[in-house]
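**Q** Got a structure for you, questions after.
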Amino acid sequence: MSDSAMSATRVDRVVQALVVAGFILVLGLGALLPVYSDEIGWRLQERAWIDGVDKAYSDLCGPASLAAPPWFMMPVRWFSASANQMLANPLFVRMEGVACAIAWVALVWVLIARLTTDRTRRLSVRTLVFALLGMGTLPYLLVMSRPEQPLLLALTLMLLIALSRPGGAAVTAVKAAGIVLLAGVAMSYHLKGVAYAPVALACLAVCANGRATIAPRLVAAGALLAAMAASASYWISRFQCPGDALMATKMGEENLASALSAGVAWPAVLLQAVKGVSPMNYVLLAVPSNTPMSAWVPEKLFPDLVPPIFTVALWLPWAAAILMAAIMLTRFVWRERMGALREPRVLLALAIMACVMVWGASQVNRNVYEAGHVLPMLALFVALCLTLPAAWPGWLTRPVGWLIAVAAVVALSSQVVLVRFTAQPLLAATQIPGALPKQEFSVSLAGYGTVRTDIAKAMALAGIAADSRQPGLMIDDVTYLALQRHPLPFHRLGVTEAWNIGIDNPAAYLVSRNSAGVVASCRHLPMEMELAAVTSGEICALSPAMLKELAAPPPSLWGDE
């Protein structure tokens, strides 16, 4: 190797080290991110090991409000219930999210090593992939402790299994069983697991070769298809709302499956699907915003020029990376014809992109955390395509080099901006226990011991016995972790807030459901509830008797007529 080549390699290694270190640094800073409402909400809605059923925020949807998951989901429900009750603290929720994100990063590092033995290409692909992952607010989204995390871990482990050294029938049976098990874990956490199940099928197809390995792979594929059917039926029924037409209409604004069940016309559904199919829709969700969704990070943190600049700065590298990956994939398939199907990376890449596009087409309302699974999957697509066993064409080599350089600059710049404008506000939020005044749907990481004490005092003052199981308590994100052992709770979002369509009198609704009372942050309660409640610190509690008083209609000013 010439001196100039060695020098270039050293520079490339320094760039890779900077990109990876910056990415991990921002992931670490994400440890300060307050716990967002959805991180609590998914814990509340997957309680089958505690209650025997998974429960929605309320029971307005009738038959879909309480759902018994398929039997193969119960091990995941047991694990989640056990971990959530042992680590019942917002700080542990965030640490769990950070740990899962770092574990996934390690898996991606190993996966790229397995994809190519060419050190130069490995260096380039790793730098590009981690630069893409380090752009915008994506590192913060990756530490959210939501279903996307087990989904990413499961899918990446499947790829590693599929790309491991092939063996005979016995080895194939073990690999196939592992893939099916991981797919079952993903499908247990979210409907997205079903949407990405074709990747698991692709992994089964490429994990071995030879006639002796066909039988175990076919058996595993049959088991996987059966699990997919059961999971799809379960999740689709959960996202429908046969019990309330108004709620069904609201849910129809979230995804196309709900829209169809709510009676939206086919032409409108197809038009929405065409608009949503582009994966670039999700890149824009990672752009720093001064009006973030539900204030998942504090509002108005950035100078006005930051969002538009980063809209362009993120869009261009992602678009170029996906385009170049598609070019490499197309060239390889064109050259090899049917022989391309013998290359595992081809089928895996096609399956990933197909799943991403189908998921995008199914979405009506794209919440910011959707970028937390789509963009990582696109990064894996890029890695698979750019490591195909074919030399990069000369006319593409220089553009790839430019892309890596630009992506590295954008990633490092966005990390500096993110640290500069978010570190202090996130740190300040850790000084306030419980509900955050400027982030209504987030919970502080600090001081949960104080919150627990206030919860116990408020319950005692209201006459709610904390030492026995109290069914149907209305809780919020702040109080759920401390009270999760109580059966079938109601969440304030489904009773007094965004998902309470059709509930005109929350107190009367809770009384009609034989609720044991309300224990929630005072600031999250309607004024009439807050005024009637007993308080300890920032926690309000209302007993069933207090709820009955609120539920009664006010006396007539004119007396009985």
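Here's how to read the names in the structure tokens: chain A, B, ... by the order shown, residue numbers from 1 in each chain, ligand numbers from 1 in the order shown.
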Which residues are close to Cys540 in chain A, i.e. within 10 Å by only C-alpha atoms, leaving aside same-chain residues fewer than 3 positions away? Reply as a tab-separated table (two decimals) with N, CA and C atoms, in the first residue's frame.
**A**
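The resulting out_10.tsv:
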```tsv
chain	number	residue	atom	x	y	z
A	454	ASP	N	-45.78	10.91	47.99
A	454	ASP	CA	-46.98	11.74	47.80
A	454	ASP	C	-48.17	10.89	47.35
A	455	ILE	N	-47.91	9.91	46.51
A	455	ILE	CA	-48.99	9.01	46.08
A	455	ILE	C	-49.58	8.28	47.28
A	457	LYS	N	-49.49	9.14	50.47
A	457	LYS	CA	-50.18	10.07	51.36
A	457	LYS	C	-51.53	10.49	50.79
A	458	ALA	N	-51.57	10.80	49.51
A	458	ALA	CA	-52.83	11.22	48.90
A	458	ALA	C	-53.86	10.09	48.93
A	459	MET	N	-53.44	8.87	48.68
A	459	MET	CA	-54.36	7.74	48.74
A	459	MET	C	-54.88	7.55	50.16
A	461	LEU	N	-55.18	9.87	52.49
A	461	LEU	CA	-56.10	10.95	52.80
A	461	LEU	C	-57.47	10.74	52.14
A	462	ALA	N	-57.47	10.11	50.97
A	462	ALA	CA	-58.73	9.87	50.27
A	462	ALA	C	-59.42	8.60	50.74
A	518	VAL	N	-59.34	7.84	41.81
A	518	VAL	CA	-58.39	8.53	40.92
A	518	VAL	C	-57.14	8.84	41.72
A	519	VAL	N	-55.98	8.54	41.14
A	519	VAL	CA	-54.69	8.94	41.72
A	519	VAL	C	-53.83	9.43	40.56
A	520	ALA	N	-53.67	10.74	40.45
A	520	ALA	CA	-52.98	11.31	39.30
A	520	ALA	C	-52.38	12.67	39.66
A	521	SER	N	-51.54	13.17	38.77
A	521	SER	CA	-50.99	14.51	38.97
A	521	SER	C	-52.13	15.53	38.92
A	522	CYS	N	-52.11	16.45	39.85
A	522	CYS	CA	-53.19	17.44	39.91
A	522	CYS	C	-53.31	18.21	38.61
A	523	ARG	N	-52.19	18.56	38.01
A	523	ARG	CA	-52.22	19.38	36.80
A	523	ARG	C	-52.84	18.65	35.61
A	524	HIS	N	-52.97	17.33	35.72
A	524	HIS	CA	-53.54	16.55	34.62
A	524	HIS	C	-55.04	16.31	34.79
A	525	LEU	N	-55.63	16.83	35.85
A	525	LEU	CA	-57.05	16.59	36.09
A	525	LEU	C	-57.90	17.77	35.66
A	529	MET	N	-62.37	18.10	39.13
A	529	MET	CA	-61.74	16.98	39.85
A	529	MET	C	-60.63	17.48	40.76
A	530	GLU	N	-59.81	18.39	40.25
A	530	GLU	CA	-58.70	18.91	41.04
A	530	GLU	C	-59.21	19.62	42.29
A	531	LEU	N	-60.28	20.40	42.15
A	531	LEU	CA	-60.81	21.13	43.30
A	531	LEU	C	-61.42	20.19	44.34
A	532	ALA	N	-61.97	19.07	43.91
A	532	ALA	CA	-62.61	18.14	44.84
A	532	ALA	C	-61.63	17.15	45.47
A	533	ALA	N	-60.42	17.06	44.93
A	533	ALA	CA	-59.47	16.03	45.36
A	533	ALA	C	-58.76	16.42	46.64
A	534	VAL	N	-58.23	15.39	47.34
A	534	VAL	CA	-57.25	15.62	48.40
A	534	VAL	C	-55.88	15.54	47.76
A	535	THR	N	-54.93	16.27	48.33
A	535	THR	CA	-53.64	16.39	47.66
A	535	THR	C	-52.49	16.11	48.62
A	536	SER	N	-51.40	15.68	48.04
A	536	SER	CA	-50.11	15.60	48.72
A	536	SER	C	-49.06	15.96	47.68
A	537	GLY	N	-48.40	17.08	47.87
A	537	GLY	CA	-47.47	17.54	46.85
A	537	GLY	C	-48.21	17.82	45.57
```
**Q** Have a look at CA of Gly184 in chain A and CA of Val171 in chain A and let me know their distance in Å, one decimal.
**A** 20.1 Å
**Q** Neighbouring residues of range 34-51 of chain A were defined as those with any atom within 8 Å, considering only C-alpha atoms; residues of the same chain fewer than 5 positions away were excluded. Please report them as a PyMOL selection string.
**A** chain A and resi 56-57+68-69+74+77-78+80-81+84+90+93-94+144-147+296-297+426+429-430+441-445+477+480-481+484-485+487-488
**Q** Please identify all polymer residues within 12 Å of Arg13 in chain A, counting only C-alpha atoms, omitting same-chain residues fewer than 2 positions from it, and present them as a VMD selection string.
**A** chain A and resid 6 to 11 15 to 21 119 to 127
**Q** Only N, CA and C atoms, please: the residues just picked out, written as a PDB file, in the first residue's frame.
**A**
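Written file, result17.pdb:
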```
ATOM      1  N   MET A   6      -2.179   4.762   2.596  1.00  0.00           N
ATOM      2  CA  MET A   6      -2.157   4.551   4.045  1.00  0.00           C
ATOM      3  C   MET A   6      -2.647   5.799   4.769  1.00  0.00           C
ATOM      4  N   SER A   7      -2.252   6.958   4.284  1.00  0.00           N
ATOM      5  CA  SER A   7      -2.682   8.207   4.914  1.00  0.00           C
ATOM      6  C   SER A   7      -4.185   8.379   4.779  1.00  0.00           C
ATOM      7  N   ALA A   8      -4.711   8.052   3.582  1.00  0.00           N
ATOM      8  CA  ALA A   8      -6.157   8.154   3.376  1.00  0.00           C
ATOM      9  C   ALA A   8      -6.908   7.210   4.297  1.00  0.00           C
ATOM     10  N   THR A   9      -6.370   6.008   4.486  1.00  0.00           N
ATOM     11  CA  THR A   9      -7.016   5.044   5.372  1.00  0.00           C
ATOM     12  C   THR A   9      -7.036   5.549   6.804  1.00  0.00           C
ATOM     13  N   ARG A  10      -5.913   6.173   7.217  1.00  0.00           N
ATOM     14  CA  ARG A  10      -5.891   6.731   8.583  1.00  0.00           C
ATOM     15  C   ARG A  10      -6.944   7.811   8.749  1.00  0.00           C
ATOM     16  N   VAL A  11      -7.062   8.661   7.738  1.00  0.00           N
ATOM     17  CA  VAL A  11      -8.079   9.718   7.802  1.00  0.00           C
ATOM     18  C   VAL A  11      -9.469   9.103   7.894  1.00  0.00           C
ATOM     19  N   VAL A  15     -12.244   9.616  10.817  1.00  0.00           N
ATOM     20  CA  VAL A  15     -13.609  10.066  10.549  1.00  0.00           C
ATOM     21  C   VAL A  15     -14.607   9.077  11.140  1.00  0.00           C
ATOM     22  N   GLN A  16     -14.373   7.772  10.917  1.00  0.00           N
ATOM     23  CA  GLN A  16     -15.275   6.766  11.478  1.00  0.00           C
ATOM     24  C   GLN A  16     -15.319   6.865  12.994  1.00  0.00           C
ATOM     25  N   ALA A  17     -14.144   7.028  13.621  1.00  0.00           N
ATOM     26  CA  ALA A  17     -14.103   7.119  15.086  1.00  0.00           C
ATOM     27  C   ALA A  17     -14.890   8.329  15.571  1.00  0.00           C
ATOM     28  N   LEU A  18     -14.767   9.466  14.870  1.00  0.00           N
ATOM     29  CA  LEU A  18     -15.493  10.670  15.270  1.00  0.00           C
ATOM     30  C   LEU A  18     -17.003  10.472  15.122  1.00  0.00           C
ATOM     31  N   VAL A  19     -17.405   9.866  13.992  1.00  0.00           N
ATOM     32  CA  VAL A  19     -18.835   9.661  13.733  1.00  0.00           C
ATOM     33  C   VAL A  19     -19.442   8.724  14.768  1.00  0.00           C
ATOM     34  N   VAL A  20     -18.768   7.603  15.029  1.00  0.00           N
ATOM     35  CA  VAL A  20     -19.299   6.625  15.984  1.00  0.00           C
ATOM     36  C   VAL A  20     -19.294   7.202  17.396  1.00  0.00           C
ATOM     37  N   ALA A  21     -18.199   7.886  17.766  1.00  0.00           N
ATOM     38  CA  ALA A  21     -18.114   8.462  19.112  1.00  0.00           C
ATOM     39  C   ALA A  21     -19.189   9.533  19.312  1.00  0.00           C
ATOM     40  N   ARG A 119     -11.802  -4.805   4.278  1.00  0.00           N
ATOM     41  CA  ARG A 119     -11.651  -3.812   5.354  1.00  0.00           C
ATOM     42  C   ARG A 119     -11.984  -2.401   4.894  1.00  0.00           C
ATOM     43  N   THR A 120     -11.586  -2.074   3.678  1.00  0.00           N
ATOM     44  CA  THR A 120     -11.851  -0.726   3.179  1.00  0.00           C
ATOM     45  C   THR A 120     -13.353  -0.487   3.034  1.00  0.00           C
ATOM     46  N   ARG A 121     -14.037  -1.467   2.456  1.00  0.00           N
ATOM     47  CA  ARG A 121     -15.476  -1.316   2.290  1.00  0.00           C
ATOM     48  C   ARG A 121     -16.179  -1.331   3.642  1.00  0.00           C
ATOM     49  N   ARG A 122     -15.735  -2.183   4.546  1.00  0.00           N
ATOM     50  CA  ARG A 122     -16.334  -2.229   5.880  1.00  0.00           C
ATOM     51  C   ARG A 122     -16.208  -0.876   6.565  1.00  0.00           C
ATOM     52  N   LEU A 123     -15.024  -0.263   6.440  1.00  0.00           N
ATOM     53  CA  LEU A 123     -14.789   1.053   7.043  1.00  0.00           C
ATOM     54  C   LEU A 123     -15.740   2.089   6.455  1.00  0.00           C
ATOM     55  N   SER A 124     -15.885   2.064   5.132  1.00  0.00           N
ATOM     56  CA  SER A 124     -16.750   3.047   4.469  1.00  0.00           C
ATOM     57  C   SER A 124     -18.209   2.859   4.850  1.00  0.00           C
ATOM     58  N   VAL A 125     -18.668   1.614   4.828  1.00  0.00           N
ATOM     59  CA  VAL A 125     -20.081   1.346   5.115  1.00  0.00           C
ATOM     60  C   VAL A 125     -20.410   1.666   6.566  1.00  0.00           C
ATOM     61  N   ARG A 126     -19.522   1.288   7.465  1.00  0.00           N
ATOM     62  CA  ARG A 126     -19.781   1.620   8.878  1.00  0.00           C
ATOM     63  C   ARG A 126     -19.865   3.123   9.081  1.00  0.00           C
ATOM     64  N   THR A 127     -18.950   3.858   8.473  1.00  0.00           N
ATOM     65  CA  THR A 127     -18.959   5.318   8.641  1.00  0.00           C
ATOM     66  C   THR A 127     -20.260   5.902   8.117  1.00  0.00           C
TER      67      THR A 127
END
```
**Q** Kindly give the distance, in Å, that separates CA of Val53 in chain A and CA of Ser65 in chain A, rounded to a single decimal.
**A**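 Interatomic distance, CA of Val53 in chain A to CA of Ser65 in chain A: 9.4 Å.
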**Q** Just checking: using only C-alpha atoms, which residue out of A:Ala383, A:Val410, A:Ile327, A:Ala205 ends up closest to Val108 in chain A?
**A**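 Among the listed residues, A:Ala383 lies closest to Val108 in chain A.
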**Q** Would you return as a ChimeraX atom specification the members of range 214-413 of chain A that DSSP assigns to alpha helix (DSSP H) on this structure's backbone?
**A** /A:214-238,245-251,256-261,266-276,280-283,306-336,344-362,371-386,394-413
**Q** Give the answer as one residue: which of A:Leu348, A:Val312, A:Leu138, A:Ala379 has the shortest atom-to-atom distance to Ala325 in chain A, using only C-alpha atoms?
**A**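 Ranking A:Leu348, A:Val312, A:Leu138, A:Ala379 by distance to Ala325 in chain A, first place goes to A:Ala379.
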**Q** From a DSSP calculation on the backbone, collect every residue of range 337-547 of chain A in strand (DSSP E) and output the set as a list in words.
**A**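 Result set for range 337-547 of chain A (strand (DSSP E)): Ala435, Leu436, Gln439, Glu440, Phe441, Ser442, Val443, Met474, Ile475, Phe490, His491, Val518, Val519, Ala520, Ser521, Val534, Thr535, Ser536, Ile539, Cys540, Ala541 and Leu542 of chain A.
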**Q** Go ahead and dump the residues you just picked, C-alpha atoms, as a compact mmCIF listing (two decimals), in the first residue's frame.
**A**
```
# COMPACT_ATOMS: atom_id res chain seq x y z
CA ALA A 435 -45.02 15.88 35.77
CA LEU A 436 -43.07 18.53 33.88
CA GLN A 439 -43.95 19.01 28.78
CA GLU A 440 -47.46 17.85 29.58
CA PHE A 441 -46.92 14.37 28.16
CA SER A 442 -43.54 13.67 29.78
CA VAL A 443 -42.37 12.57 33.22
CA MET A 474 -57.65 6.19 37.01
CA ILE A 475 -53.96 6.95 36.82
CA PHE A 490 -57.85 3.51 33.37
CA HIS A 491 -55.45 6.07 31.91
CA VAL A 518 -58.39 8.53 40.92
CA VAL A 519 -54.69 8.94 41.72
CA ALA A 520 -52.98 11.31 39.30
CA SER A 521 -50.99 14.51 38.97
CA VAL A 534 -57.25 15.62 48.40
CA THR A 535 -53.64 16.39 47.66
CA SER A 536 -50.11 15.60 48.72
CA ILE A 539 -50.55 14.29 43.51
CA CYS A 540 -54.35 14.38 43.73
CA ALA A 541 -56.60 11.51 44.85
CA LEU A 542 -60.36 11.01 44.77
```
